[in-house]
Amino acid sequence: MTAIDVRLPTLLADTDAPPTTVIRPEGRSDFLLVCDHASRQIPPSLNELGLTEVEQRSHIAWDIGAGAVVRQLADRLDATAVTQNYSRLVIDCNRPLDAPDSIRTRSERGPIAANTGLNQQEREARQREIFLPYHEAIRSILDERAQAGRTMQLVAIHSFTPVMDRVARPWHVGLMARHHTALAETFARLLRRDRRLHVGMNEPYAIDDDMDYTLPIHGEQRGIAHVGIEIRQDLIGDADGQATWAGRLANLFGHALNAAEHR
């Protein structure tokens with residue numbers, strides 16, 4: 001009887017970027033930084049999803065500036081960071097796999113034709129090769145720290161567009177937390193010392209089981225300190241802004257740790 005070679009669809013070639021990068025794996029900081037939407041990169045096998053260069057550079061494809069802030073912040077804090085290396089339009093790593101927009105067929109700019117009509121194997125290839133390795137990297141680091149008895153504080157960094165559906169968003173930064181709010185409240189209090197900053201608590205986004213995956217799974221389910229930080233994209237769209245916010249957050253994290261140690 002002749003053997004049948006049944007091969008699963010492959011999304012990433014050996015020469016493509018890995019799905020995730022772990023920065024400073026031996027970092028000494030208690031903070032673990034994660035960035036779900038750090039990159040706008042699209043695997044060559046997907047032919048740019050049929051998007052124009054303008055669309056690929058826009059906020060629909062990634063969280064502009066967030067990855068750069070995370071990388072600089074990891075260096076400043078000696079913190080481990082995990083970044084996801086492909087566009088959220090390939091698969092959104094901050095959505096449950098059964099969410100309708102896990103693989104988006106539309107954005108605010110119009111349809112994403114290359115994501116329409118995917119069969120189950122094509123969807124599973126994106127899950128298997130991009131989504132699962134990213135979350136396994138986060139899970140593995142947290143497991144190792146738990147086994148070592150290390151204090152763990154999970155920080156997910158995002159960025160948001162200054163205008164959505166023609167409505168301006170006034171916040172410079174927003175903090176997200178739901179059941180475990182101590183870290184977010186500490187950050188909010190420290191940020192508000194700078195009276196120039198408009199700080200939102202669960203604004204412009206709040207954690208939602210249908211819309212979020214990273215913090216509910218890795219933060220809430222573990223019961224560890226965690227917070228989501230959303231920075232407005234026009235503030236971190238260039239190198240100067242990214243450096244400014246990396247420095248601001250590095251100081252913030254240091255003050256937060258001091259406050260926790262003296263409680």
# chains A, B, ... in the order shown; residues from 1 in each chain; ligands from 1

$ closest_atom_pairs --of "stretch 77-173 of chain A" --to "stretch 41-46 of chain A" --cutoff "9 Å" --atoms "only C-alpha atoms" --output "tab-separated table"
residue	atom	partner	partner_atom	distance
A:Asn85	CA	A:Gln41	CA	6.7
A:Tyr86	CA	A:Gln41	CA	4.8
A:Ser87	CA	A:Gln41	CA	5.3
A:Leu89	CA	A:Ile42	CA	8.3
A:Val90	CA	A:Ile42	CA	6.8
A:Ala114	CA	A:Leu46	CA	7.8

$ residues_around --residues "A:His198" --least-positions-apart "5" --cutoff "12 Å" --atoms "only C-alpha atoms" --output "ChimeraX atom specification"
/A:169-175,188-189,191-193,203-204,231-232

$ residues_around --residues "stretch 115-132 of chain A" --least-positions-apart "6" --cutoff "7 Å" --atoms "only C-alpha atoms" --output "ChimeraX atom specification"
/A:9-11,19,91,93,103-105

$ closest_atom_pairs --of "stretch 108-170 of chain A" --to "stretch 21-31 of chain A" --cutoff "12 Å" --atoms "only C-alpha atoms" --output "Markdown table"
| residue | atom | partner | partner_atom | distance |
| --- | --- | --- | --- | --- |
| A:Ile130 | CA | A:Thr21 | CA | 11.5 |
| A:Pro133 | CA | A:Thr21 | CA | 10.1 |
| A:Tyr134 | CA | A:Thr21 | CA | 8.3 |
| A:His135 | CA | A:Thr21 | CA | 11.4 |
| A:Glu136 | CA | A:Val22 | CA | 11.4 |
| A:Ala137 | CA | A:Val22 | CA | 7.7 |
| A:Ile138 | CA | A:Val22 | CA | 8.9 |
| A:Ser140 | CA | A:Pro25 | CA | 11.2 |
| A:Ile141 | CA | A:Pro25 | CA | 8.4 |
| A:Leu142 | CA | A:Phe31 | CA | 10.5 |
| A:Glu144 | CA | A:Pro25 | CA | 11.3 |
| A:Arg145 | CA | A:Asp30 | CA | 9.2 |
| A:Ala146 | CA | A:Asp30 | CA | 11.4 |
| A:Gly149 | CA | A:Asp30 | CA | 11.2 |
| A:Arg150 | CA | A:Asp30 | CA | 7.4 |
| A:Thr151 | CA | A:Asp30 | CA | 5.8 |
| A:Met152 | CA | A:Asp30 | CA | 5.4 |
| A:Gln153 | CA | A:Phe31 | CA | 4.7 |
| A:Leu154 | CA | A:Phe31 | CA | 5.8 |
| A:Val155 | CA | A:Phe31 | CA | 6.9 |
| A:Ala156 | CA | A:Phe31 | CA | 10.2 |

$ residues_around --residues "A:Gly223" --least-positions-apart "5" --cutoff "10 Å" --atoms "only C-alpha atoms" --output "list of chain:residue names"
A:Met152, A:His179, A:His180, A:Pro216, A:Ile217, A:His218

$ write_last_selection --atoms "N, CA and C atoms" --output "PDB file, in the first residue's frame"
ATOM      1  N   MET A 152       5.901  38.450  39.764  1.00  0.00           N
ATOM      2  CA  MET A 152       5.564  38.635  38.345  1.00  0.00           C
ATOM      3  C   MET A 152       4.597  39.792  38.179  1.00  0.00           C
ATOM      4  N   HIS A 179     -10.267  42.955  37.087  1.00  0.00           N
ATOM      5  CA  HIS A 179     -10.442  42.336  38.404  1.00  0.00           C
ATOM      6  C   HIS A 179      -9.282  42.633  39.352  1.00  0.00           C
ATOM      7  N   HIS A 180      -8.091  42.803  38.792  1.00  0.00           N
ATOM      8  CA  HIS A 180      -6.900  43.095  39.590  1.00  0.00           C
ATOM      9  C   HIS A 180      -6.433  44.495  39.183  1.00  0.00           C
ATOM     10  N   PRO A 216      -6.543  38.687  29.964  1.00  0.00           N
ATOM     11  CA  PRO A 216      -7.401  37.707  30.647  1.00  0.00           C
ATOM     12  C   PRO A 216      -6.723  36.350  30.858  1.00  0.00           C
ATOM     13  N   ILE A 217      -5.987  35.861  29.862  1.00  0.00           N
ATOM     14  CA  ILE A 217      -5.393  34.528  29.955  1.00  0.00           C
ATOM     15  C   ILE A 217      -4.132  34.533  30.821  1.00  0.00           C
ATOM     16  N   HIS A 218      -3.219  35.444  30.544  1.00  0.00           N
ATOM     17  CA  HIS A 218      -1.917  35.405  31.217  1.00  0.00           C
ATOM     18  C   HIS A 218      -1.875  36.219  32.514  1.00  0.00           C
TER      19      HIS A 218
END

$ select_by_dssp --residues "stretch 74-147 of chain A" --states "alpha helix (DSSP H)" --output "MDAnalysis selection string"
chainID A and resid 74:77 120:126 132:147

$ atom_distance --atom1 "atom CA of A:Thr186" --atom2 "atom CA of A:Asp238"
27.6 Å

$ atom_distance --atom1 "atom CA of A:Leu197" --atom2 "atom CA of A:Leu235"
11.5 Å

$ select_by_dssp --residues "stretch 5-154 of chain A" --states "strand (DSSP E or B)" --output "MDAnalysis selection string"
chainID A and resid 20:23 31:35 80:84 106:107 110:111 153:154

$ residues_around --residues "A:Thr181" --least-positions-apart "2" --cutoff "12 Å" --atoms "only C-alpha atoms" --output "MDAnalysis selection string"
chainID A and resid 175:179 183:188 201:202 206:207 219:220 223:228

$ atom_distance --atom1 "atom CA of A:Glu108" --atom2 "atom CA of A:Asp165"
8.3 Å

$ closest_atom_pairs --of "stretch 76-178 of chain A" --to "stretch 52-70 of chain A" --cutoff "9 Å" --atoms "only C-alpha atoms" --output "CSV"
residue,atom,partner,partner_atom,distance
A:Ala81,CA,A:Val70,CA,7.1
A:Val82,CA,A:Val70,CA,8.8
A:Thr83,CA,A:Gly67,CA,7.1
A:Gln84,CA,A:Gly67,CA,8.8
A:Tyr86,CA,A:Trp62,CA,8.5
A:Ser87,CA,A:Ala61,CA,5.4
A:Arg88,CA,A:Ala61,CA,5.8
A:Leu89,CA,A:Ala61,CA,5.7
A:Val90,CA,A:Ala61,CA,8.7
A:Ser107,CA,A:Ile60,CA,6.6
A:Glu108,CA,A:Ile60,CA,7.6
A:Arg109,CA,A:Glu55,CA,7.9
A:Ile157,CA,A:Ala66,CA,6.4
A:His158,CA,A:Ala66,CA,5.5
A:Ser159,CA,A:Asp63,CA,5.1
A:Phe160,CA,A:Asp63,CA,6.8
A:Thr161,CA,A:His59,CA,6.8

$ decode --residues "stretch 13-41 of chain A" --atoms "N, CA, C and O atoms" --output "short mmCIF file (atom, residue, chain, number, x, y, z; two decimals), in the first residue's frame"
data_model
loop_
_atom_site.label_atom_id
_atom_site.label_comp_id
_atom_site.auth_asym_id
_atom_site.auth_seq_id
_atom_site.Cartn_x
_atom_site.Cartn_y
_atom_site.Cartn_z
N ALA A 13 7.85 30.50 5.69
CA ALA A 13 8.99 29.77 5.14
C ALA A 13 10.16 29.84 6.11
O ALA A 13 10.18 30.67 7.04
N ASP A 14 11.14 28.98 5.91
CA ASP A 14 12.31 28.95 6.80
C ASP A 14 13.05 30.28 6.82
O ASP A 14 13.72 30.61 7.80
N THR A 15 12.95 31.03 5.72
CA THR A 15 13.66 32.30 5.62
C THR A 15 12.86 33.48 6.17
O THR A 15 13.37 34.60 6.23
N ASP A 16 11.61 33.25 6.57
CA ASP A 16 10.78 34.33 7.12
C ASP A 16 11.14 34.60 8.57
O ASP A 16 11.74 33.77 9.25
N ALA A 17 10.75 35.77 9.04
CA ALA A 17 10.96 36.12 10.45
C ALA A 17 10.19 35.15 11.33
O ALA A 17 9.11 34.68 10.96
N PRO A 18 10.71 34.85 12.51
CA PRO A 18 9.97 34.00 13.45
C PRO A 18 8.71 34.72 13.91
O PRO A 18 8.62 35.95 13.82
N PRO A 19 7.74 34.00 14.43
CA PRO A 19 6.49 34.65 14.84
C PRO A 19 6.63 35.55 16.06
O PRO A 19 5.81 36.45 16.26
N THR A 20 7.64 35.31 16.86
CA THR A 20 7.80 36.11 18.07
C THR A 20 9.27 36.31 18.38
O THR A 20 10.12 35.51 17.97
N THR A 21 9.55 37.39 19.10
CA THR A 21 10.91 37.66 19.57
C THR A 21 10.88 37.84 21.08
O THR A 21 10.01 38.54 21.61
N VAL A 22 11.80 37.18 21.77
CA VAL A 22 11.96 37.37 23.21
C VAL A 22 13.21 38.23 23.42
O VAL A 22 14.32 37.84 23.05
N ILE A 23 13.00 39.39 23.97
CA ILE A 23 14.06 40.36 24.22
C ILE A 23 14.52 40.22 25.67
O ILE A 23 13.71 40.10 26.58
N ARG A 24 15.81 40.22 25.88
CA ARG A 24 16.39 40.10 27.22
C ARG A 24 15.78 38.94 28.01
O ARG A 24 15.18 39.14 29.08
N PRO A 25 15.92 37.73 27.52
CA PRO A 25 15.31 36.59 28.21
C PRO A 25 15.79 36.41 29.65
O PRO A 25 15.08 35.81 30.46
N GLU A 26 16.99 36.91 29.95
CA GLU A 26 17.51 36.81 31.32
C GLU A 26 17.29 38.10 32.11
O GLU A 26 17.94 38.32 33.14
N GLY A 27 16.37 38.94 31.63
CA GLY A 27 16.12 40.22 32.31
C GLY A 27 15.80 40.05 33.78
O GLY A 27 15.07 39.15 34.18
N ARG A 28 16.33 40.95 34.60
CA ARG A 28 16.19 40.83 36.05
C ARG A 28 14.95 41.52 36.60
O ARG A 28 14.55 41.30 37.73
N SER A 29 14.31 42.37 35.80
CA SER A 29 13.15 43.09 36.28
C SER A 29 11.98 42.14 36.57
O SER A 29 11.83 41.10 35.92
N ASP A 30 11.15 42.52 37.54
CA ASP A 30 9.93 41.75 37.82
C ASP A 30 8.91 41.91 36.71
O ASP A 30 7.99 41.09 36.59
N PHE A 31 9.03 42.96 35.91
CA PHE A 31 8.06 43.21 34.86
C PHE A 31 8.33 42.34 33.64
O PHE A 31 9.48 42.21 33.20
N LEU A 32 7.29 41.73 33.10
CA LEU A 32 7.34 41.09 31.79
C LEU A 32 6.52 41.96 30.85
O LEU A 32 5.33 42.19 31.08
N LEU A 33 7.16 42.47 29.81
CA LEU A 33 6.51 43.34 28.84
C LEU A 33 6.08 42.51 27.64
O LEU A 33 6.84 41.66 27.17
N VAL A 34 4.88 42.76 27.15
CA VAL A 34 4.41 42.06 25.95
C VAL A 34 3.80 43.07 24.99
O VAL A 34 3.23 44.09 25.42
N CYS A 35 3.92 42.78 23.70
CA CYS A 35 3.35 43.67 22.68
C CYS A 35 2.70 42.81 21.61
O CYS A 35 3.38 42.20 20.77
N ASP A 36 1.37 42.76 21.64
CA ASP A 36 0.60 41.90 20.74
C ASP A 36 0.63 42.35 19.30
O ASP A 36 0.47 41.54 18.38
N HIS A 37 0.79 43.66 19.10
CA HIS A 37 0.66 44.24 17.76
C HIS A 37 1.90 45.07 17.41
O HIS A 37 1.79 46.20 16.94
N ALA A 38 3.07 44.48 17.62
CA ALA A 38 4.32 45.23 17.48
C ALA A 38 4.73 45.45 16.04
O ALA A 38 5.55 46.33 15.76
N SER A 39 4.21 44.67 15.10
CA SER A 39 4.74 44.68 13.73
C SER A 39 3.61 44.76 12.70
O SER A 39 2.50 44.29 12.93
N ARG A 40 3.95 45.34 11.56
CA ARG A 40 3.02 45.38 10.43
C ARG A 40 3.42 44.37 9.34
O ARG A 40 2.83 44.35 8.26
N GLN A 41 4.40 43.54 9.63
CA GLN A 41 4.92 42.60 8.65
C GLN A 41 3.87 41.56 8.25
O GLN A 41 3.07 41.11 9.07
#
